[in-house]
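Engineer: My structure is stored as start18.cif, with mmCIF, C-alpha atoms.
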```
data_upload
loop_
_atom_site.label_atom_id
_atom_site.label_comp_id
_atom_site.auth_asym_id
_atom_site.auth_seq_id
_atom_site.Cartn_x
_atom_site.Cartn_y
_atom_site.Cartn_z
CA MET O 1 75.41 114.92 122.53
CA LYS O 2 73.89 112.50 125.01
CA THR O 3 75.13 109.48 123.08
CA LYS O 4 78.64 110.93 122.89
CA GLY O 5 78.66 111.29 126.67
CA LEU O 6 78.28 107.52 127.00
CA ALA O 7 81.82 107.15 125.64
CA ALA O 8 83.29 109.27 128.46
CA PRO O 9 84.09 106.32 130.80
CA TYR O 10 85.89 104.56 127.93
CA LEU O 11 87.89 107.67 127.07
CA VAL O 12 88.89 108.12 130.72
CA TRP O 13 89.90 104.45 130.91
CA MET O 14 92.00 104.74 127.75
CA ALA O 15 93.66 107.91 129.01
CA ILE O 16 94.59 106.40 132.38
CA PHE O 17 95.61 102.89 131.34
CA THR O 18 96.92 103.50 127.81
CA LEU O 19 98.12 107.04 127.25
CA VAL O 20 99.65 107.52 130.71
CA PRO O 21 101.70 104.26 130.60
CA LEU O 22 102.88 105.11 127.08
CA GLY O 23 103.93 108.54 128.31
CA ILE O 24 105.89 106.96 131.17
CA VAL O 25 107.66 104.60 128.75
CA LEU O 26 108.51 107.52 126.47
CA PHE O 27 109.81 109.54 129.43
CA TYR O 28 112.14 106.78 130.63
CA ALA O 29 113.32 106.06 127.08
CA LEU O 30 114.39 109.68 126.59
CA THR O 31 116.01 110.32 129.99
CA ASP O 32 119.26 109.36 131.68
CA SER O 33 119.10 106.75 134.44
CA VAL O 34 121.43 108.76 136.72
CA SER O 35 120.63 112.44 136.28
CA GLY O 36 117.20 112.15 134.71
CA SER O 37 118.17 114.60 131.96
CA PHE O 38 117.08 114.34 128.34
CA THR O 39 119.22 111.99 126.23
CA LEU O 40 119.09 109.89 123.08
CA ALA O 41 121.73 107.45 124.33
CA ASN O 42 119.12 104.80 125.16
CA LEU O 43 117.70 104.91 121.64
CA ALA O 44 121.21 104.84 120.18
CA ARG O 45 121.90 101.52 121.93
CA ILE O 46 118.95 99.83 120.23
CA GLY O 47 121.10 99.06 117.18
CA SER O 48 123.26 96.64 119.16
CA TYR O 49 120.15 94.52 119.81
CA MET O 50 119.10 94.40 116.16
CA PRO O 51 120.06 90.68 115.71
CA ILE O 52 117.75 89.81 118.60
CA PHE O 53 115.00 91.94 117.09
CA LEU O 54 115.38 90.14 113.77
CA LYS O 55 115.36 86.73 115.45
CA SER O 56 112.19 87.64 117.34
CA VAL O 57 110.50 88.80 114.14
CA TRP O 58 111.59 85.67 112.27
CA LEU O 59 110.29 83.27 114.92
CA ALA O 60 107.04 85.25 115.17
CA ILE O 61 106.57 85.10 111.38
CA LEU O 62 107.35 81.37 111.34
CA SER O 63 104.89 80.73 114.18
CA SER O 64 102.21 82.78 112.43
CA ALA O 65 102.71 80.85 109.19
CA ILE O 66 102.47 77.48 110.97
CA CYS O 67 99.36 78.63 112.84
CA LEU O 68 97.80 79.65 109.52
CA VAL O 69 98.59 76.31 107.87
CA ILE O 70 97.12 74.40 110.83
CA GLY O 71 94.35 76.80 111.75
CA TYR O 72 92.75 77.37 108.35
CA PRO O 73 91.67 73.74 107.76
CA VAL O 74 90.43 73.53 111.36
CA ALA O 75 88.41 76.73 111.03
CA TYR O 76 87.08 75.61 107.64
CA TYR O 77 85.95 72.29 109.05
CA ILE O 78 84.26 73.87 112.07
CA ALA O 79 82.45 76.40 109.86
CA SER O 80 81.14 73.58 107.63
CA CYS O 81 79.63 71.62 110.54
CA SER O 82 76.08 71.83 111.87
CA PRO O 83 75.36 74.63 114.38
CA MET O 84 75.32 72.27 117.35
CA LYS O 85 78.60 70.65 116.35
CA GLN O 86 80.10 74.09 115.73
CA ARG O 87 79.33 75.13 119.30
CA PHE O 88 80.83 71.92 120.66
CA LEU O 89 84.04 72.21 118.62
CA TYR O 90 84.35 75.90 119.44
CA MET O 91 84.06 75.04 123.13
CA LEU O 92 86.86 72.48 122.75
CA LEU O 93 88.95 75.15 121.06
CA MET O 94 88.40 77.60 123.90
CA LEU O 95 88.83 75.04 126.69
CA PRO O 96 92.68 75.12 126.85
CA MET O 97 92.53 78.91 127.07
CA CYS O 98 90.69 78.59 130.37
CA MET O 99 93.94 77.24 131.82
CA SER O 100 96.79 79.53 132.81
CA PHE O 101 99.26 80.40 130.05
CA LEU O 102 102.10 79.53 132.42
CA LEU O 103 100.68 76.10 133.21
CA ARG O 104 100.21 75.28 129.53
CA THR O 105 103.84 76.17 128.85
CA LEU O 106 105.12 74.22 131.83
CA ALA O 107 103.11 71.21 130.66
CA TRP O 108 105.11 71.21 127.42
CA VAL O 109 108.33 71.53 129.41
CA ALA O 110 107.34 68.41 131.34
CA LEU O 111 106.72 66.61 128.07
CA LEU O 112 109.84 67.70 126.20
CA GLU O 113 112.62 67.99 128.78
CA ASP O 114 115.50 65.51 128.76
CA THR O 115 113.97 63.50 131.60
CA GLY O 116 110.40 64.29 130.55
CA ILE O 117 107.56 62.02 129.57
CA ILE O 118 108.45 61.65 125.88
CA ASN O 119 112.14 60.97 126.46
CA SER O 120 111.33 58.60 129.32
CA VAL O 121 109.28 56.50 126.90
CA ILE O 122 112.09 56.66 124.32
CA THR O 123 114.79 55.61 126.80
CA SER O 124 112.58 52.79 128.12
CA MET O 125 112.76 51.29 124.63
CA GLY O 126 116.57 51.34 124.77
CA LEU O 127 116.98 54.42 122.56
CA ARG O 128 118.90 57.61 123.22
CA PRO O 129 116.88 60.65 124.39
CA LEU O 130 116.14 63.29 121.80
CA PRO O 131 117.00 67.02 122.13
CA LEU O 132 113.37 68.15 122.19
CA ILE O 133 113.79 71.28 124.28
CA ARG O 134 116.09 74.30 124.66
CA ASN O 135 116.18 75.05 120.94
CA GLY O 136 114.39 77.21 118.40
CA GLY O 137 112.01 74.44 117.40
CA ALA O 138 110.74 74.11 120.96
CA VAL O 139 110.16 77.86 121.17
CA VAL O 140 108.16 77.82 117.92
CA LEU O 141 106.19 74.83 119.20
CA GLY O 142 105.31 76.70 122.38
CA MET O 143 104.20 79.76 120.40
CA VAL O 144 102.09 77.72 117.98
CA TYR O 145 100.39 75.81 120.77
CA ASN O 146 99.58 78.87 122.87
CA TYR O 147 98.57 81.21 120.05
CA LEU O 148 96.85 78.81 117.62
CA PRO O 149 93.34 79.62 118.96
CA TYR O 150 93.94 83.29 118.09
CA MET O 151 94.35 82.22 114.47
CA ILE O 152 91.38 79.87 114.36
CA MET O 153 88.83 82.22 115.96
CA PRO O 154 88.91 85.06 113.39
CA LEU O 155 89.15 82.56 110.52
CA TYR O 156 86.13 80.68 111.81
CA THR O 157 84.17 83.90 112.23
CA VAL O 158 84.81 84.95 108.63
CA LEU O 159 84.28 81.50 107.09
CA MET O 160 81.04 81.01 108.98
CA LYS O 161 79.61 84.19 107.44
CA LEU O 162 80.51 83.35 103.84
CA ASP O 163 77.59 83.28 101.43
CA ASN O 164 77.28 79.70 100.21
CA ARG O 165 75.46 80.96 97.11
CA LEU O 166 78.81 82.24 95.80
CA VAL O 167 80.31 78.78 96.15
CA GLU O 168 77.30 77.22 94.45
CA ALA O 169 77.52 79.77 91.63
CA ALA O 170 81.19 78.96 91.07
CA GLU O 171 80.40 75.24 90.95
CA ASP O 172 77.53 75.83 88.51
CA LEU O 173 79.95 77.73 86.25
CA GLY O 174 82.19 74.68 86.08
CA CYS O 175 84.79 75.35 88.78
CA THR O 176 86.34 72.33 90.44
CA PRO O 177 86.42 72.24 94.27
CA GLY O 178 90.04 73.41 94.18
CA GLN O 179 89.25 76.30 91.85
CA THR O 180 86.26 77.27 93.96
CA PHE O 181 88.41 77.40 97.05
CA LEU O 182 91.20 79.41 95.41
CA ARG O 183 88.93 81.86 93.56
CA VAL O 184 86.05 82.27 96.03
CA THR O 185 86.60 80.96 99.55
CA LEU O 186 90.22 81.99 100.01
CA PRO O 187 89.84 85.59 98.75
CA LEU O 188 86.68 86.10 100.81
CA SER O 189 88.46 84.84 103.92
CA THR O 190 91.39 87.25 103.51
CA PRO O 191 90.18 89.55 106.35
CA GLY O 192 90.20 86.57 108.72
CA ILE O 193 93.67 85.55 107.57
CA ILE O 194 95.07 89.03 108.14
CA SER O 195 93.34 89.33 111.51
CA GLY O 196 94.60 85.91 112.60
CA ILE O 197 98.19 86.63 111.52
CA THR O 198 98.09 89.92 113.41
CA MET O 199 96.67 88.33 116.56
CA VAL O 200 99.40 85.65 116.52
CA PHE O 201 102.31 87.81 115.41
CA VAL O 202 101.88 90.56 118.02
CA PRO O 203 102.11 88.36 121.15
CA ALA O 204 104.67 86.03 119.53
CA VAL O 205 107.16 88.79 118.69
CA SER O 206 107.04 90.15 122.25
CA THR O 207 106.89 86.88 124.20
CA PHE O 208 109.50 86.04 126.81
CA TYR O 209 108.20 83.27 129.07
CA ILE O 210 108.07 80.65 126.31
CA SER O 211 111.63 81.35 125.21
CA GLN O 212 112.85 81.23 128.81
CA LYS O 213 111.28 77.88 129.62
CA MET O 214 111.59 76.11 126.27
CA GLY O 215 114.56 77.88 124.69
CA SER O 216 118.21 78.46 125.50
CA SER O 217 120.71 81.30 125.44
CA GLY O 218 120.76 80.97 121.65
CA THR O 219 117.02 81.64 121.42
CA THR O 220 116.93 84.81 123.52
CA LEU O 221 114.18 87.07 122.21
CA ILE O 222 113.68 90.80 122.57
CA GLY O 223 111.06 90.18 125.26
CA ASP O 224 113.71 88.42 127.35
CA VAL O 225 116.09 91.36 126.95
CA ILE O 226 113.42 93.87 127.98
CA GLU O 227 112.50 91.82 131.02
CA SER O 228 116.16 91.53 132.06
CA GLN O 229 116.55 95.32 131.89
CA PHE O 230 113.75 95.74 134.41
CA LYS O 231 114.86 92.85 136.67
CA ALA O 232 118.42 91.52 136.47
CA ALA O 233 120.33 94.47 134.98
CA TYR O 234 117.81 97.01 136.29
CA ASN O 235 118.19 99.61 133.60
CA PRO O 236 114.56 100.71 133.10
CA ASN O 237 115.60 103.49 130.76
CA LEU O 238 117.16 101.09 128.27
CA GLY O 239 114.28 98.69 128.82
CA ALA O 240 111.81 101.47 128.03
CA ALA O 241 113.75 102.37 124.86
CA LEU O 242 113.67 98.75 123.71
CA SER O 243 109.96 98.55 124.55
CA LEU O 244 109.35 101.70 122.51
CA ALA O 245 111.25 100.25 119.56
CA LEU O 246 109.30 96.99 119.83
CA MET O 247 106.02 98.91 119.92
CA VAL O 248 106.98 100.82 116.77
CA LEU O 249 107.99 97.53 115.11
CA VAL O 250 104.65 95.93 116.01
CA PHE O 251 102.71 98.93 114.72
CA ALA O 252 104.71 98.93 111.48
CA CYS O 253 104.22 95.20 110.87
CA THR O 254 100.53 95.48 111.70
CA ALA O 255 100.14 98.40 109.29
CA VAL O 256 101.86 96.41 106.53
CA MET O 257 99.64 93.37 107.10
CA ASN O 258 96.51 95.52 107.17
CA ARG O 259 97.66 97.19 103.97
CA PHE O 260 97.50 93.84 102.20
CA GLY O 261 93.86 93.59 103.21
CA ASP O 262 92.87 96.93 101.68
CA GLY O 263 91.32 97.03 98.27
CA GLU O 264 90.95 93.25 97.90
CA GLU O 265 88.66 92.38 95.05
CA VAL O 266 87.00 89.03 94.69
CA VAL O 267 86.57 87.77 91.13
CA VAL O 268 84.62 84.62 90.46
CA LEU O 269 85.49 83.05 87.13
#
```
For the file at hand, write its structure as structure tokens.

Structural biologist:
Amino acid sequence: MKTKGLAAPYLVWMAIFTLVPLGIVLFYALTDSVSGSFTLANLARIGSYMPIFLKSVWLAILSSAICLVIGYPVAYYIASCSPMKQRFLYMLLMLPMCMSFLLRTLAWVALLEDTGIINSVITSMGLRPLPLIRNGGAVVLGMVYNYLPYMIMPLYTVLMKLDNRLVEAAEDLGCTPGQTFLRVTLPLSTPGIISGITMVFVPAVSTFYISQKMGSSGTTLIGDVIESQFKAAYNPNLGAALSLALMVLVFACTAVMNRFGDGEEVVVL
């Protein structure tokens, strides 16, 4: 009983800062903005924003896939280094995260804009400036840059704890380095892959600042729409309904990704 009482502050914290805000969102989503009466009209309007939902999901999936392709080799290399070098490389990985998210995004804007650093160098060589910003590619670039550490960290944690004796056993049984990676290392690192994809996908699908600064009207994401409902249009009821739908979408995608991690069996041949 005494040990259970130690969890009381955490339960109070969760109730105040998690359950209460969720209750407020649910209340606004199910009430009318004028009379405050119960209505499902806000939820019914979500269907008109389905293309934006799908675009947000697609860009988040694409960003997660790119982060995985880039992050896995980086995490694998860091995990294979000596302990001292691991700490140094991990510090370098964490160093950009000590800077404000807004400043990191604005730094890319300064690099990619039409009169930015990259295009200034290009025009100085007598070439035409490139459309590096205000498109979907720029938005994906901003997501990958800002969320890549969230992919590398769980992958590094899992790879660092792998039992090297399994790799040695596979090599002794005649497996090539490629076969060892595909049949031993990759399956054993599946929890890190799923965790990394989840940690990248969740903030990417709900982001709005990156798409505002590096995208255009054609790359409006659901996070931008939700923000506009609370600021420009000031329709918090519709904004709450969209937030509720986004939360359900995130929970569903997370459940699907976690489902792929259940019951994984590692077979060394």

Engineer: Contacts of Asp224 (chain O) at 10 Å or less, counting all atoms listed in the file, minus same-chain residues fewer than 4 places along, as a ChimeraX atom specification?

Structural biologist: /O:52,206-212,219-220,228-229

Engineer: Please save C-alpha atoms of the selected residues as an mmCIF file, keeping the file's coordinate frame.

Structural biologist:
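As a result, selection.cif now contains:
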```
data_model
loop_
_atom_site.group_PDB
_atom_site.id
_atom_site.type_symbol
_atom_site.label_atom_id
_atom_site.label_comp_id
_atom_site.auth_asym_id
_atom_site.auth_seq_id
_atom_site.Cartn_x
_atom_site.Cartn_y
_atom_site.Cartn_z
ATOM 1 C CA ILE O 52 117.750 89.810 118.600
ATOM 2 C CA SER O 206 107.040 90.150 122.250
ATOM 3 C CA THR O 207 106.890 86.880 124.200
ATOM 4 C CA PHE O 208 109.500 86.040 126.810
ATOM 5 C CA TYR O 209 108.200 83.270 129.070
ATOM 6 C CA ILE O 210 108.070 80.650 126.310
ATOM 7 C CA SER O 211 111.630 81.350 125.210
ATOM 8 C CA GLN O 212 112.850 81.230 128.810
ATOM 9 C CA THR O 219 117.020 81.640 121.420
ATOM 10 C CA THR O 220 116.930 84.810 123.520
ATOM 11 C CA SER O 228 116.160 91.530 132.060
ATOM 12 C CA GLN O 229 116.550 95.320 131.890
#
```

Engineer: To one decimal place, how far is CA of Ile133 (chain O) from CA of Glu113 (chain O) in Å?

Structural biologist: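 About the pair CA of Ile133 (chain O) and CA of Glu113 (chain O): they are 5.7 Å apart.
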
Engineer: O:Pro51, O:Pro9, O:Pro73, O:Gly215: which is nearest Trp108 (chain O), counting only C-alpha atoms?

Structural biologist: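 Closest to Trp108 (chain O), using only C-alpha atoms: O:Gly215.
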
Engineer: Identify all residues satisfying the PyMOL selection byres ((chain O and resi 119) around 12) in the given file; provide them as a PyMOL selection string.

Structural biologist: chain O and resi 109-118+120-133

Engineer: Can you translate the PyMOL selection byres ((chain O and resi 94-103) around 12) into the concrete residues it hits in this file, as a PDB file with C-alpha atoms, in the frame of the given file?

Structural biologist:
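Below is the file that was written, part_34.pdb:
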```pdb
ATOM      1  CA  ARG O  87      79.330  75.130 119.300  1.00  0.00           C
ATOM      2  CA  PHE O  88      80.830  71.920 120.660  1.00  0.00           C
ATOM      3  CA  LEU O  89      84.040  72.210 118.620  1.00  0.00           C
ATOM      4  CA  TYR O  90      84.350  75.900 119.440  1.00  0.00           C
ATOM      5  CA  MET O  91      84.060  75.040 123.130  1.00  0.00           C
ATOM      6  CA  LEU O  92      86.860  72.480 122.750  1.00  0.00           C
ATOM      7  CA  LEU O  93      88.950  75.150 121.060  1.00  0.00           C
ATOM      8  CA  ARG O 104     100.210  75.280 129.530  1.00  0.00           C
ATOM      9  CA  THR O 105     103.840  76.170 128.850  1.00  0.00           C
ATOM     10  CA  LEU O 106     105.120  74.220 131.830  1.00  0.00           C
ATOM     11  CA  ALA O 107     103.110  71.210 130.660  1.00  0.00           C
ATOM     12  CA  TRP O 108     105.110  71.210 127.420  1.00  0.00           C
ATOM     13  CA  VAL O 109     108.330  71.530 129.410  1.00  0.00           C
ATOM     14  CA  ALA O 110     107.340  68.410 131.340  1.00  0.00           C
ATOM     15  CA  GLY O 142     105.310  76.700 122.380  1.00  0.00           C
ATOM     16  CA  MET O 143     104.200  79.760 120.400  1.00  0.00           C
ATOM     17  CA  TYR O 145     100.390  75.810 120.770  1.00  0.00           C
ATOM     18  CA  ASN O 146      99.580  78.870 122.870  1.00  0.00           C
ATOM     19  CA  TYR O 147      98.570  81.210 120.050  1.00  0.00           C
ATOM     20  CA  LEU O 148      96.850  78.810 117.620  1.00  0.00           C
ATOM     21  CA  PRO O 149      93.340  79.620 118.960  1.00  0.00           C
ATOM     22  CA  TYR O 150      93.940  83.290 118.090  1.00  0.00           C
ATOM     23  CA  ILE O 152      91.380  79.870 114.360  1.00  0.00           C
ATOM     24  CA  MET O 153      88.830  82.220 115.960  1.00  0.00           C
ATOM     25  CA  THR O 207     106.890  86.880 124.200  1.00  0.00           C
ATOM     26  CA  PHE O 208     109.500  86.040 126.810  1.00  0.00           C
ATOM     27  CA  TYR O 209     108.200  83.270 129.070  1.00  0.00           C
ATOM     28  CA  ILE O 210     108.070  80.650 126.310  1.00  0.00           C
ATOM     29  CA  GLN O 212     112.850  81.230 128.810  1.00  0.00           C
ATOM     30  CA  LYS O 213     111.280  77.880 129.620  1.00  0.00           C
ATOM     31  CA  MET O 214     111.590  76.110 126.270  1.00  0.00           C
TER      32      MET O 214
END
```

Engineer: Just the number, please: distance in Å from CA of Met257 (chain O) to CA of Val184 (chain O), one decimal.

Structural biologist: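 Computing it gives 20.7 Å between the two atoms.
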
Engineer: Which residues, written as a VMD selection string, have at least one atom at most 12 Å from region 16-28 of chain O, with all atoms listed in the file counted and residues fewer than 3 positions away on the same chain left out?

Structural biologist: chain O and resid 9 to 13 31 to 43 230 235 to 248

Engineer: So how far away is CA of Ile61 (chain O) from CA of Phe201 (chain O), in Å?

Structural biologist: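 These two atoms are separated by 6.5 Å.
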
Engineer: Could you tell me which of O:Ala170, O:Gly178, O:Val144, O:Leu249 comes closest to Val69 (chain O) if we count all atoms listed in the file?

Structural biologist: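 Between O:Ala170, O:Gly178, O:Val144, O:Leu249, the residue approaching Val69 (chain O) most closely is O:Val144.
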
Engineer: Set the distance at 12 Å and use all atoms listed in the file: which residues neighbour Leu155 (chain O) once local chain neighbours fewer than 5 positions away are removed? I'd like the list as an MDAnalysis selection string.

Structural biologist: chainID O and resid 67:79 148:150 160:162 185:186 188:199
